[in-house]
Amino acid sequence: MADAGGEGIGVNYGTKGNNLPTPEQVVGLYKSRNIGKLRLFDPNPNVLNALHGSGIQVIVGTTNIVPHAGSVTFRCVSIGNEIIPSDVAQYIAPAMQNVDRALKAAQVTAPVSTAVSMSVMGPSPRPSVGVFSDVAAPTMSAVISFLAANSYPLLLNAYPYYAYDPKYMKLDYVLLNSTTVIVHDGNLGYTNMLHAMVDTVYTAMEKVGGQKVEVVLSETGWPSGGGPAVATVEYAKIHNNNAVRLAANPNGTPKRPGKGLETYLFAMFNENLKNEGTEQHYGLYYPDMNEVYHVDFP
């Protein structure tokens with residue numbers, strides 16, 4: 001199936017739990033909440049089968065997808081999740097090219113990308129000076145060159161939660177809750193950290209030939225427990241509802257206005273087989289499909 005385009009809101013569907021609903025129940029939950037996009041970390045055949053004919057756009061990791069291509073709309077195929085920087089990062093760009101060739105040969109139309117975190121960035125105190133780190137830059141240059149040549153997006157995992165430093169930042173800025181500009185950067189103003197993070201990456205991409213490469217926010221979220229004082233249900237609710245609101249806003253980011261920021265919340269469920277602490281508390285839902293807190297999906 002042809003890939004569907006750009007804007008809107010999705011939710012990551014993680015499966016690291018031994019008490020989660022069936023894939024069919026999960027797909028039904030997505031549809032009942034009008035969540036039209038889903039990110040899946042591995043090509044789980046049971047999940048992909050449940051998605052047949054659902055109309056939900058899917059970002060999927062790795063590529064056992066040809067059997068499902070006629071019945072599932074693949075938004076993107078992600079080669080690796082936060083592999084850059086690492087000792088195998090150099091293989092990412094060639095793998096992306098190989099998978100792209102294989103998909104085209106199989107007549108599957110889906111962008112090929114990789115998901116990176118903010119750890120690919122060098123010191124970037126404001127969006128206008130964004131730069132990839134010395135260790136990540138060679139790989140990112142190759143990745144961005146491939147994406148630019150094919151008009152494919154870069155997948156970005158960005159969490160203001162992890163960057164929050166109460167000594168230097170207003171909580172409203174990190175919770176995406178301010179309506180006034182908090183950070184001034186030349187003639188651009190930022191009311192929230194998420195847009196600042198994304199625009200920092202846009203600046204870095206421009207320096208390596210990615211002037212037209214789009215960012216898809218493949219993960220953002222806030223834990224509702226299991227950690228520091230700010231990991232609360234109330235703050236998670238505020239952050240994620242604001243992330244949905246920003247995704248739906250056609251004005252986009254200050255640096256790239258005019259198009260909404262396609263955004264995937266992390267994650268659908270609390271997953272009890274993840275590492276103890278906040279990792280187990282990112283879900284919008286408990287495994288019994290009751291809400292941890294309510295998110296207003298458009």
# chains A, B, ... in the order shown; residues from 1 in each chain; ligands from 1
$ closest_atom_pairs --of "range 169-198 of chain A" --to "range 113-130 of chain A" --cutoff "9 Å" --atoms "only C-alpha atoms" --output "CSV"
residue,atom,partner,partner_atom,distance
A:Val183,CA,A:Arg126,CA,8.4
A:His184,CA,A:Arg126,CA,8.7
A:Asp185,CA,A:Arg126,CA,6.6
A:Gly186,CA,A:Ser128,CA,8.0
A:Ala196,CA,A:Pro127,CA,5.8
A:Met197,CA,A:Pro127,CA,7.0
A:Val198,CA,A:Pro127,CA,8.1
$ write_last_selection --atoms "N, CA and C atoms" --output "JSON list (two decimals), in the first residue's frame"
[["chain", "number", "residue", "atom", "x", "y", "z"],
["A", 183, "VAL", "N", 11.92, 31.20, 25.59],
["A", 183, "VAL", "CA", 13.27, 31.23, 25.04],
["A", 183, "VAL", "C", 13.25, 32.03, 23.74],
["A", 184, "HIS", "N", 14.05, 33.09, 23.69],
["A", 184, "HIS", "CA", 14.19, 33.90, 22.48],
["A", 184, "HIS", "C", 15.46, 33.47, 21.76],
["A", 185, "ASP", "N", 15.35, 33.26, 20.46],
["A", 185, "ASP", "CA", 16.49, 32.83, 19.65],
["A", 185, "ASP", "C", 16.46, 33.62, 18.36],
["A", 186, "GLY", "N", 17.19, 34.72, 18.34],
["A", 186, "GLY", "CA", 17.12, 35.61, 17.19],
["A", 186, "GLY", "C", 15.70, 36.13, 17.03],
["A", 196, "ALA", "N", 11.73, 23.50, 20.55],
["A", 196, "ALA", "CA", 13.15, 23.89, 20.56],
["A", 196, "ALA", "C", 14.04, 22.70, 20.21],
["A", 197, "MET", "N", 13.72, 21.54, 20.76],
["A", 197, "MET", "CA", 14.50, 20.33, 20.44],
["A", 197, "MET", "C", 14.42, 20.00, 18.96],
["A", 198, "VAL", "N", 13.21, 20.00, 18.42],
["A", 198, "VAL", "CA", 13.03, 19.65, 17.01],
["A", 198, "VAL", "C", 13.75, 20.65, 16.11]]
$ select_by_dssp --residues "range 37-269 of chain A" --states "helix (DSSP H, G or I)" --output "JSON list (two decimals) with N, CA, C and O atoms, in the first residue's frame"
[["chain", "number", "residue", "atom", "x", "y", "z"],
["A", 45, "PRO", "N", 4.22, -10.53, 13.89],
["A", 45, "PRO", "CA", 3.20, -10.94, 12.89],
["A", 45, "PRO", "C", 1.78, -10.92, 13.45],
["A", 45, "PRO", "O", 0.84, -10.63, 12.71],
["A", 46, "ASN", "N", 1.63, -11.21, 14.75],
["A", 46, "ASN", "CA", 0.28, -11.18, 15.33],
["A", 46, "ASN", "C", -0.29, -9.77, 15.32],
["A", 46, "ASN", "O", -1.48, -9.56, 15.05],
["A", 47, "VAL", "N", 0.58, -8.79, 15.63],
["A", 47, "VAL", "CA", 0.13, -7.39, 15.62],
["A", 47, "VAL", "C", -0.16, -6.95, 14.20],
["A", 47, "VAL", "O", -1.18, -6.31, 13.92],
["A", 48, "LEU", "N", 0.75, -7.28, 13.28],
["A", 48, "LEU", "CA", 0.55, -6.87, 11.88],
["A", 48, "LEU", "C", -0.73, -7.51, 11.31],
["A", 48, "LEU", "O", -1.47, -6.85, 10.58],
["A", 49, "ASN", "N", -0.99, -8.76, 11.66],
["A", 49, "ASN", "CA", -2.23, -9.39, 11.20],
["A", 49, "ASN", "C", -3.46, -8.65, 11.74],
["A", 49, "ASN", "O", -4.45, -8.46, 11.03],
["A", 50, "ALA", "N", -3.38, -8.23, 13.00],
["A", 50, "ALA", "CA", -4.51, -7.52, 13.61],
["A", 50, "ALA", "C", -4.72, -6.15, 12.95],
["A", 50, "ALA", "O", -5.83, -5.61, 12.99],
["A", 51, "LEU", "N", -3.67, -5.61, 12.35],
["A", 51, "LEU", "CA", -3.76, -4.30, 11.71],
["A", 51, "LEU", "C", -4.29, -4.37, 10.28],
["A", 51, "LEU", "O", -4.57, -3.34, 9.67],
["A", 66, "VAL", "N", 6.65, -7.58, 3.84],
["A", 66, "VAL", "CA", 6.09, -7.80, 2.51],
["A", 66, "VAL", "C", 4.76, -8.58, 2.56],
["A", 66, "VAL", "O", 3.81, -8.23, 1.86],
["A", 67, "PRO", "N", 4.64, -9.63, 3.42],
["A", 67, "PRO", "CA", 3.36, -10.35, 3.46],
["A", 67, "PRO", "C", 2.17, -9.48, 3.89],
["A", 67, "PRO", "O", 1.03, -9.85, 3.64],
["A", 68, "HIS", "N", 2.46, -8.35, 4.52],
["A", 68, "HIS", "CA", 1.39, -7.51, 5.05],
["A", 68, "HIS", "C", 1.16, -6.24, 4.21],
["A", 68, "HIS", "O", 0.26, -5.47, 4.49],
["A", 89, "ALA", "N", 26.99, 2.03, 14.44],
["A", 89, "ALA", "CA", 26.27, 3.11, 13.76],
["A", 89, "ALA", "C", 26.64, 3.22, 12.28],
["A", 89, "ALA", "O", 25.81, 3.57, 11.44],
["A", 90, "GLN", "N", 27.88, 2.87, 11.94],
["A", 90, "GLN", "CA", 28.34, 3.03, 10.56],
["A", 90, "GLN", "C", 27.56, 2.15, 9.59],
["A", 90, "GLN", "O", 27.57, 2.38, 8.38],
["A", 91, "TYR", "N", 26.88, 1.12, 10.11],
["A", 91, "TYR", "CA", 26.14, 0.21, 9.24],
["A", 91, "TYR", "C", 24.72, 0.67, 8.96],
["A", 91, "TYR", "O", 24.02, 0.09, 8.13],
["A", 92, "ILE", "N", 24.28, 1.73, 9.64],
["A", 92, "ILE", "CA", 22.88, 2.15, 9.53],
["A", 92, "ILE", "C", 22.56, 2.66, 8.12],
["A", 92, "ILE", "O", 21.59, 2.23, 7.49],
["A", 93, "ALA", "N", 23.35, 3.60, 7.61],
["A", 93, "ALA", "CA", 23.05, 4.18, 6.29],
["A", 93, "ALA", "C", 23.08, 3.11, 5.19],
["A", 93, "ALA", "O", 22.15, 3.06, 4.36],
["A", 94, "PRO", "N", 24.10, 2.24, 5.13],
["A", 94, "PRO", "CA", 24.06, 1.18, 4.11],
["A", 94, "PRO", "C", 22.86, 0.25, 4.28],
["A", 94, "PRO", "O", 22.27, -0.19, 3.28],
["A", 95, "ALA", "N", 22.49, -0.05, 5.52],
["A", 95, "ALA", "CA", 21.32, -0.90, 5.74],
["A", 95, "ALA", "C", 20.04, -0.23, 5.25],
["A", 95, "ALA", "O", 19.16, -0.88, 4.66],
["A", 96, "MET", "N", 19.93, 1.08, 5.47],
["A", 96, "MET", "CA", 18.77, 1.82, 4.98],
["A", 96, "MET", "C", 18.69, 1.73, 3.45],
["A", 96, "MET", "O", 17.61, 1.50, 2.89],
["A", 97, "GLN", "N", 19.83, 1.87, 2.78],
["A", 97, "GLN", "CA", 19.85, 1.79, 1.32],
["A", 97, "GLN", "C", 19.44, 0.39, 0.84],
["A", 97, "GLN", "O", 18.66, 0.25, -0.11],
["A", 98, "ASN", "N", 19.95, -0.64, 1.52],
["A", 98, "ASN", "CA", 19.63, -2.01, 1.12],
["A", 98, "ASN", "C", 18.14, -2.31, 1.30],
["A", 98, "ASN", "O", 17.51, -2.93, 0.44],
["A", 99, "VAL", "N", 17.60, -1.89, 2.43],
["A", 99, "VAL", "CA", 16.18, -2.14, 2.69],
["A", 99, "VAL", "C", 15.32, -1.36, 1.71],
["A", 99, "VAL", "O", 14.31, -1.88, 1.20],
["A", 100, "ASP", "N", 15.71, -0.14, 1.41],
["A", 100, "ASP", "CA", 14.96, 0.67, 0.45],
["A", 100, "ASP", "C", 14.92, -0.01, -0.91],
["A", 100, "ASP", "O", 13.86, -0.11, -1.55],
["A", 101, "ARG", "N", 16.07, -0.54, -1.33],
["A", 101, "ARG", "CA", 16.12, -1.25, -2.61],
["A", 101, "ARG", "C", 15.23, -2.49, -2.58],
["A", 101, "ARG", "O", 14.51, -2.78, -3.54],
["A", 102, "ALA", "N", 15.28, -3.23, -1.47],
["A", 102, "ALA", "CA", 14.48, -4.45, -1.36],
["A", 102, "ALA", "C", 12.98, -4.15, -1.38],
["A", 102, "ALA", "O", 12.20, -4.86, -2.02],
["A", 103, "LEU", "N", 12.58, -3.09, -0.68],
["A", 103, "LEU", "CA", 11.17, -2.72, -0.66],
["A", 103, "LEU", "C", 10.70, -2.31, -2.06],
["A", 103, "LEU", "O", 9.62, -2.70, -2.50],
["A", 104, "LYS", "N", 11.52, -1.51, -2.73],
["A", 104, "LYS", "CA", 11.15, -1.07, -4.08],
["A", 104, "LYS", "C", 11.06, -2.27, -5.03],
["A", 104, "LYS", "O", 10.16, -2.33, -5.88],
["A", 105, "ALA", "N", 11.99, -3.22, -4.87],
["A", 105, "ALA", "CA", 11.96, -4.41, -5.72],
["A", 105, "ALA", "C", 10.70, -5.23, -5.47],
["A", 105, "ALA", "O", 10.18, -5.87, -6.39],
["A", 118, "MET", "N", 18.11, 12.60, 21.09],
["A", 118, "MET", "CA", 18.87, 13.85, 21.16],
["A", 118, "MET", "C", 20.34, 13.61, 21.47],
["A", 118, "MET", "O", 21.15, 14.54, 21.42],
["A", 119, "SER", "N", 20.73, 12.35, 21.73],
["A", 119, "SER", "CA", 22.14, 12.05, 21.99],
["A", 119, "SER", "C", 23.00, 12.19, 20.73],
["A", 119, "SER", "O", 24.23, 12.15, 20.82],
["A", 120, "VAL", "N", 22.38, 12.35, 19.55],
["A", 120, "VAL", "CA", 23.18, 12.62, 18.34],
["A", 120, "VAL", "C", 23.65, 14.06, 18.28],
["A", 120, "VAL", "O", 24.48, 14.41, 17.43],
["A", 127, "PRO", "N", 18.30, 26.62, 19.45],
["A", 127, "PRO", "CA", 18.03, 25.92, 18.19],
["A", 127, "PRO", "C", 18.86, 26.42, 17.01],
["A", 127, "PRO", "O", 19.27, 25.62, 16.16],
["A", 128, "SER", "N", 19.15, 27.70, 16.96],
["A", 128, "SER", "CA", 19.84, 28.26, 15.79],
["A", 128, "SER", "C", 21.30, 27.84, 15.68],
["A", 128, "SER", "O", 21.95, 28.09, 14.67],
["A", 129, "VAL", "N", 21.85, 27.21, 16.73],
["A", 129, "VAL", "CA", 23.24, 26.74, 16.66],
["A", 129, "VAL", "C", 23.30, 25.22, 16.75],
["A", 129, "VAL", "O", 24.34, 24.65, 17.09],
["A", 137, "ALA", "N", 28.35, 12.79, 13.89],
["A", 137, "ALA", "CA", 28.25, 13.56, 12.64],
["A", 137, "ALA", "C", 28.52, 12.74, 11.37],
["A", 137, "ALA", "O", 27.77, 12.86, 10.39],
["A", 138, "PRO", "N", 29.56, 11.89, 11.31],
["A", 138, "PRO", "CA", 29.78, 11.15, 10.05],
["A", 138, "PRO", "C", 28.61, 10.26, 9.67],
["A", 138, "PRO", "O", 28.18, 10.24, 8.51],
["A", 139, "THR", "N", 28.06, 9.54, 10.66],
["A", 139, "THR", "CA", 26.91, 8.68, 10.38],
["A", 139, "THR", "C", 25.69, 9.50, 10.02],
["A", 139, "THR", "O", 24.95, 9.18, 9.07],
["A", 140, "MET", "N", 25.44, 10.58, 10.79],
["A", 140, "MET", "CA", 24.26, 11.40, 10.52],
["A", 140, "MET", "C", 24.34, 12.05, 9.14],
["A", 140, "MET", "O", 23.33, 12.18, 8.46],
["A", 141, "SER", "N", 25.52, 12.44, 8.73],
["A", 141, "SER", "CA", 25.67, 13.03, 7.39],
["A", 141, "SER", "C", 25.25, 12.03, 6.31],
["A", 141, "SER", "O", 24.55, 12.39, 5.36],
["A", 142, "ALA", "N", 25.68, 10.77, 6.47],
["A", 142, "ALA", "CA", 25.32, 9.74, 5.49],
["A", 142, "ALA", "C", 23.82, 9.46, 5.53],
["A", 142, "ALA", "O", 23.17, 9.30, 4.48],
["A", 143, "VAL", "N", 23.25, 9.41, 6.74],
["A", 143, "VAL", "CA", 21.82, 9.16, 6.88],
["A", 143, "VAL", "C", 21.01, 10.30, 6.26],
["A", 143, "VAL", "O", 20.06, 10.06, 5.49],
["A", 144, "ILE", "N", 21.38, 11.53, 6.57],
["A", 144, "ILE", "CA", 20.63, 12.69, 6.07],
["A", 144, "ILE", "C", 20.75, 12.78, 4.55],
["A", 144, "ILE", "O", 19.78, 13.13, 3.86],
["A", 145, "SER", "N", 21.92, 12.44, 4.01],
["A", 145, "SER", "CA", 22.10, 12.45, 2.56],
["A", 145, "SER", "C", 21.12, 11.48, 1.89],
["A", 145, "SER", "O", 20.48, 11.80, 0.89],
["A", 146, "PHE", "N", 20.99, 10.28, 2.48],
["A", 146, "PHE", "CA", 20.05, 9.29, 1.94],
["A", 146, "PHE", "C", 18.61, 9.79, 2.06],
["A", 146, "PHE", "O", 17.82, 9.69, 1.11],
["A", 147, "LEU", "N", 18.25, 10.33, 3.22],
["A", 147, "LEU", "CA", 16.88, 10.81, 3.42],
["A", 147, "LEU", "C", 16.56, 11.95, 2.45],
["A", 147, "LEU", "O", 15.47, 11.99, 1.86],
["A", 148, "ALA", "N", 17.51, 12.87, 2.29],
["A", 148, "ALA", "CA", 17.28, 14.02, 1.41],
["A", 148, "ALA", "C", 17.09, 13.57, -0.04],
["A", 148, "ALA", "O", 16.22, 14.09, -0.76],
["A", 149, "ALA", "N", 17.89, 12.58, -0.47],
["A", 149, "ALA", "CA", 17.81, 12.12, -1.86],
["A", 149, "ALA", "C", 16.49, 11.44, -2.16],
["A", 149, "ALA", "O", 16.04, 11.43, -3.31],
["A", 150, "ASN", "N", 15.84, 10.91, -1.12],
["A", 150, "ASN", "CA", 14.59, 10.16, -1.33],
["A", 150, "ASN", "C", 13.35, 10.86, -0.79],
["A", 150, "ASN", "O", 12.25, 10.31, -0.87],
["A", 160, "PRO", "N", 11.37, 16.13, 26.57],
["A", 160, "PRO", "CA", 11.69, 17.21, 27.49],
["A", 160, "PRO", "C", 11.85, 16.73, 28.93],
["A", 160, "PRO", "O", 12.66, 17.30, 29.69],
["A", 161, "TYR", "N", 11.14, 15.68, 29.32],
["A", 161, "TYR", "CA", 11.24, 15.14, 30.68],
["A", 161, "TYR", "C", 12.69, 14.87, 31.07],
["A", 161, "TYR", "O", 13.13, 15.22, 32.17],
["A", 162, "TYR", "N", 13.45, 14.26, 30.16],
["A", 162, "TYR", "CA", 14.83, 13.90, 30.48],
["A", 162, "TYR", "C", 15.75, 15.11, 30.51],
["A", 162, "TYR", "O", 16.82, 15.06, 31.12],
["A", 163, "ALA", "N", 15.36, 16.16, 29.84],
["A", 163, "ALA", "CA", 16.21, 17.35, 29.79],
["A", 163, "ALA", "C", 15.89, 18.36, 30.89],
["A", 163, "ALA", "O", 16.60, 19.35, 31.04],
["A", 171, "LEU", "N", 9.08, 24.86, 34.63],
["A", 171, "LEU", "CA", 8.37, 23.60, 34.41],
["A", 171, "LEU", "C", 7.35, 23.72, 33.29],
["A", 171, "LEU", "O", 7.17, 22.79, 32.49],
["A", 172, "ASP", "N", 6.69, 24.87, 33.18],
["A", 172, "ASP", "CA", 5.71, 25.07, 32.10],
["A", 172, "ASP", "C", 6.35, 24.91, 30.72],
["A", 172, "ASP", "O", 5.72, 24.42, 29.78],
["A", 173, "TYR", "N", 7.61, 25.32, 30.59],
["A", 173, "TYR", "CA", 8.33, 25.21, 29.31],
["A", 173, "TYR", "C", 8.53, 23.74, 28.95],
["A", 173, "TYR", "O", 8.37, 23.34, 27.79],
["A", 174, "VAL", "N", 8.84, 22.92, 29.95],
["A", 174, "VAL", "CA", 9.13, 21.51, 29.73],
["A", 174, "VAL", "C", 7.83, 20.71, 29.57],
["A", 174, "VAL", "O", 7.77, 19.75, 28.81],
["A", 193, "MET", "N", 9.77, 23.41, 25.12],
["A", 193, "MET", "CA", 11.05, 22.75, 24.85],
["A", 193, "MET", "C", 10.97, 21.77, 23.69],
["A", 193, "MET", "O", 11.95, 21.58, 22.97],
["A", 194, "LEU", "N", 9.82, 21.15, 23.45],
["A", 194, "LEU", "CA", 9.73, 20.17, 22.37],
["A", 194, "LEU", "C", 10.03, 20.81, 21.02],
["A", 194, "LEU", "O", 10.80, 20.27, 20.22],
["A", 195, "HIS", "N", 9.43, 21.96, 20.76],
["A", 195, "HIS", "CA", 9.71, 22.66, 19.51],
["A", 195, "HIS", "C", 11.17, 23.09, 19.43],
["A", 195, "HIS", "O", 11.78, 23.05, 18.35],
["A", 196, "ALA", "N", 11.73, 23.50, 20.55],
["A", 196, "ALA", "CA", 13.15, 23.89, 20.56],
["A", 196, "ALA", "C", 14.04, 22.70, 20.21],
["A", 196, "ALA", "O", 15.01, 22.83, 19.44],
["A", 197, "MET", "N", 13.72, 21.54, 20.76],
["A", 197, "MET", "CA", 14.50, 20.33, 20.44],
["A", 197, "MET", "C", 14.42, 20.00, 18.96],
["A", 197, "MET", "O", 15.44, 19.72, 18.30],
["A", 198, "VAL", "N", 13.21, 20.00, 18.42],
["A", 198, "VAL", "CA", 13.03, 19.65, 17.01],
["A", 198, "VAL", "C", 13.75, 20.65, 16.11],
["A", 198, "VAL", "O", 14.44, 20.26, 15.15],
["A", 199, "ASP", "N", 13.65, 21.92, 16.41],
["A", 199, "ASP", "CA", 14.30, 22.93, 15.57],
["A", 199, "ASP", "C", 15.82, 22.88, 15.69],
["A", 199, "ASP", "O", 16.53, 23.22, 14.73],
["A", 200, "THR", "N", 16.33, 22.45, 16.82],
["A", 200, "THR", "CA", 17.78, 22.24, 16.96],
["A", 200, "THR", "C", 18.24, 21.16, 15.99],
["A", 200, "THR", "O", 19.29, 21.30, 15.34],
["A", 201, "VAL", "N", 17.45, 20.11, 15.86],
["A", 201, "VAL", "CA", 17.78, 19.04, 14.92],
["A", 201, "VAL", "C", 17.65, 19.54, 13.48],
["A", 201, "VAL", "O", 18.49, 19.23, 12.62],
["A", 202, "TYR", "N", 16.62, 20.34, 13.20],
["A", 202, "TYR", "CA", 16.50, 20.92, 11.86],
["A", 202, "TYR", "C", 17.74, 21.73, 11.49],
["A", 202, "TYR", "O", 18.25, 21.63, 10.37],
["A", 203, "THR", "N", 18.24, 22.54, 12.43],
["A", 203, "THR", "CA", 19.44, 23.33, 12.15],
["A", 203, "THR", "C", 20.62, 22.43, 11.84],
["A", 203, "THR", "O", 21.37, 22.67, 10.89],
["A", 204, "ALA", "N", 20.80, 21.39, 12.64],
["A", 204, "ALA", "CA", 21.92, 20.47, 12.41],
["A", 204, "ALA", "C", 21.80, 19.77, 11.06],
["A", 204, "ALA", "O", 22.80, 19.60, 10.35],
["A", 205, "MET", "N", 20.58, 19.39, 10.68],
["A", 205, "MET", "CA", 20.39, 18.73, 9.39],
["A", 205, "MET", "C", 20.73, 19.67, 8.23],
["A", 205, "MET", "O", 21.30, 19.24, 7.22],
["A", 206, "GLU", "N", 20.36, 20.94, 8.37],
["A", 206, "GLU", "CA", 20.63, 21.90, 7.31],
["A", 206, "GLU", "C", 22.13, 22.01, 7.03],
["A", 206, "GLU", "O", 22.55, 22.23, 5.89],
["A", 233, "VAL", "N", 1.04, 11.48, 37.51],
["A", 233, "VAL", "CA", -0.07, 11.36, 36.58],
["A", 233, "VAL", "C", -0.48, 12.73, 36.04],
["A", 233, "VAL", "O", -0.72, 12.90, 34.84],
["A", 234, "GLU", "N", -0.52, 13.72, 36.92],
["A", 234, "GLU", "CA", -0.97, 15.05, 36.50],
["A", 234, "GLU", "C", -0.02, 15.66, 35.48],
["A", 234, "GLU", "O", -0.46, 16.21, 34.46],
["A", 235, "TYR", "N", 1.28, 15.57, 35.73],
["A", 235, "TYR", "CA", 2.25, 16.14, 34.79],
["A", 235, "TYR", "C", 2.26, 15.37, 33.47],
["A", 235, "TYR", "O", 2.40, 15.96, 32.40],
["A", 236, "ALA", "N", 2.12, 14.05, 33.54],
["A", 236, "ALA", "CA", 2.05, 13.26, 32.31],
["A", 236, "ALA", "C", 0.84, 13.65, 31.48],
["A", 236, "ALA", "O", 0.92, 13.80, 30.25],
["A", 237, "LYS", "N", -0.27, 13.86, 32.15],
["A", 237, "LYS", "CA", -1.49, 14.27, 31.46],
["A", 237, "LYS", "C", -1.30, 15.63, 30.79],
["A", 237, "LYS", "O", -1.70, 15.83, 29.63],
["A", 238, "ILE", "N", -0.70, 16.57, 31.50],
["A", 238, "ILE", "CA", -0.48, 17.91, 30.95],
["A", 238, "ILE", "C", 0.45, 17.84, 29.74],
["A", 238, "ILE", "O", 0.15, 18.38, 28.66],
["A", 239, "HIS", "N", 1.60, 17.16, 29.90],
["A", 239, "HIS", "CA", 2.58, 17.09, 28.81],
["A", 239, "HIS", "C", 1.98, 16.44, 27.58],
["A", 239, "HIS", "O", 2.10, 16.96, 26.46],
["A", 240, "ASN", "N", 1.33, 15.30, 27.74],
["A", 240, "ASN", "CA", 0.88, 14.57, 26.56],
["A", 240, "ASN", "C", -0.31, 15.21, 25.88],
["A", 240, "ASN", "O", -0.42, 15.18, 24.65],
["A", 241, "ASN", "N", -1.19, 15.83, 26.64],
["A", 241, "ASN", "CA", -2.27, 16.58, 26.00],
["A", 241, "ASN", "C", -1.72, 17.78, 25.24],
["A", 241, "ASN", "O", -2.20, 18.11, 24.15],
["A", 242, "ASN", "N", -0.70, 18.42, 25.80],
["A", 242, "ASN", "CA", -0.08, 19.54, 25.09],
["A", 242, "ASN", "C", 0.67, 19.06, 23.85],
["A", 242, "ASN", "O", 0.66, 19.75, 22.81],
["A", 243, "ALA", "N", 1.30, 17.89, 23.91],
["A", 243, "ALA", "CA", 1.98, 17.35, 22.73],
["A", 243, "ALA", "C", 0.99, 17.07, 21.61],
["A", 243, "ALA", "O", 1.27, 17.33, 20.43],
["A", 244, "VAL", "N", -0.20, 16.55, 21.97],
["A", 244, "VAL", "CA", -1.24, 16.32, 20.97],
["A", 244, "VAL", "C", -1.71, 17.64, 20.37],
["A", 244, "VAL", "O", -1.89, 17.77, 19.16],
["A", 245, "ARG", "N", -1.88, 18.63, 21.24],
["A", 245, "ARG", "CA", -2.31, 19.96, 20.76],
["A", 245, "ARG", "C", -1.28, 20.55, 19.80],
["A", 245, "ARG", "O", -1.63, 21.09, 18.73],
["A", 246, "LEU", "N", 0.00, 20.43, 20.12],
["A", 246, "LEU", "CA", 1.05, 20.95, 19.24],
["A", 246, "LEU", "C", 1.09, 20.20, 17.92],
["A", 246, "LEU", "O", 1.31, 20.79, 16.86],
["A", 247, "ALA", "N", 0.87, 18.88, 17.97],
["A", 247, "ALA", "CA", 0.89, 18.09, 16.75],
["A", 247, "ALA", "C", -0.25, 18.49, 15.81],
["A", 247, "ALA", "O", -0.10, 18.48, 14.59],
["A", 248, "ALA", "N", -1.37, 18.86, 16.41],
["A", 248, "ALA", "CA", -2.55, 19.22, 15.61],
["A", 248, "ALA", "C", -2.47, 20.65, 15.08],
["A", 248, "ALA", "O", -3.27, 21.04, 14.22]]
$ closest_residue --among "A:Gly258, A:Pro21, A:Gly227, A:Pro250" --to "Glu279 in chain A" --atoms "only C-alpha atoms"
A:Gly227
$ closest_residue --among "A:Pro254, A:Gly80, A:Gly283, A:Gly209" --to "Tyr13 in chain A" --atoms "only C-alpha atoms"
A:Gly283
$ closest_residue --among "A:Ala158, A:Asn192, A:Thr220, A:Val292" --to "Thr179 in chain A" --atoms "only C-alpha atoms"
A:Asn192
$ select_by_dssp --residues "range 125-215 of chain A" --states "strand (DSSP E or B)" --output "list of chain:residue names"
A:Phe132, A:Leu154, A:Leu155, A:Leu156, A:Asn157, A:Val183, A:His184, A:Asp185, A:Leu188, A:Gly189, A:Tyr190, A:Val215
$ closest_residue --among "A:Pro153, A:Gly8, A:Pro85, A:Gly53" --to "Phe132 in chain A" --atoms "only C-alpha atoms"
A:Pro85
$ atom_distance --atom1 "CA of Asp296 in chain A" --atom2 "CA of Gln57 in chain A"
19.2 Å
$ atom_distance --atom1 "CA of Asn64 in chain A" --atom2 "CA of Ile79 in chain A"
11.9 Å
$ residues_around --residues "range 260-264 of chain A" --least-positions-apart "5" --cutoff "9 Å" --atoms "only C-alpha atoms" --output "PyMOL selection string"
chain A and resi 6-12+37-39+215-221+243-244+246-253
$ closest_residue --among "A:Met268, A:Val88, A:Val181, A:Val208" --to "Leu40 in chain A" --atoms "only C-alpha atoms"
A:Met268
$ closest_residue --among "A:Leu176, A:Val77, A:Asn18, A:Val26" --to "Asn290 in chain A" --atoms "only C-alpha atoms"
A:Val26
$ atom_distance --atom1 "CA of Gln25 in chain A" --atom2 "CA of Val72 in chain A"
17.0 Å
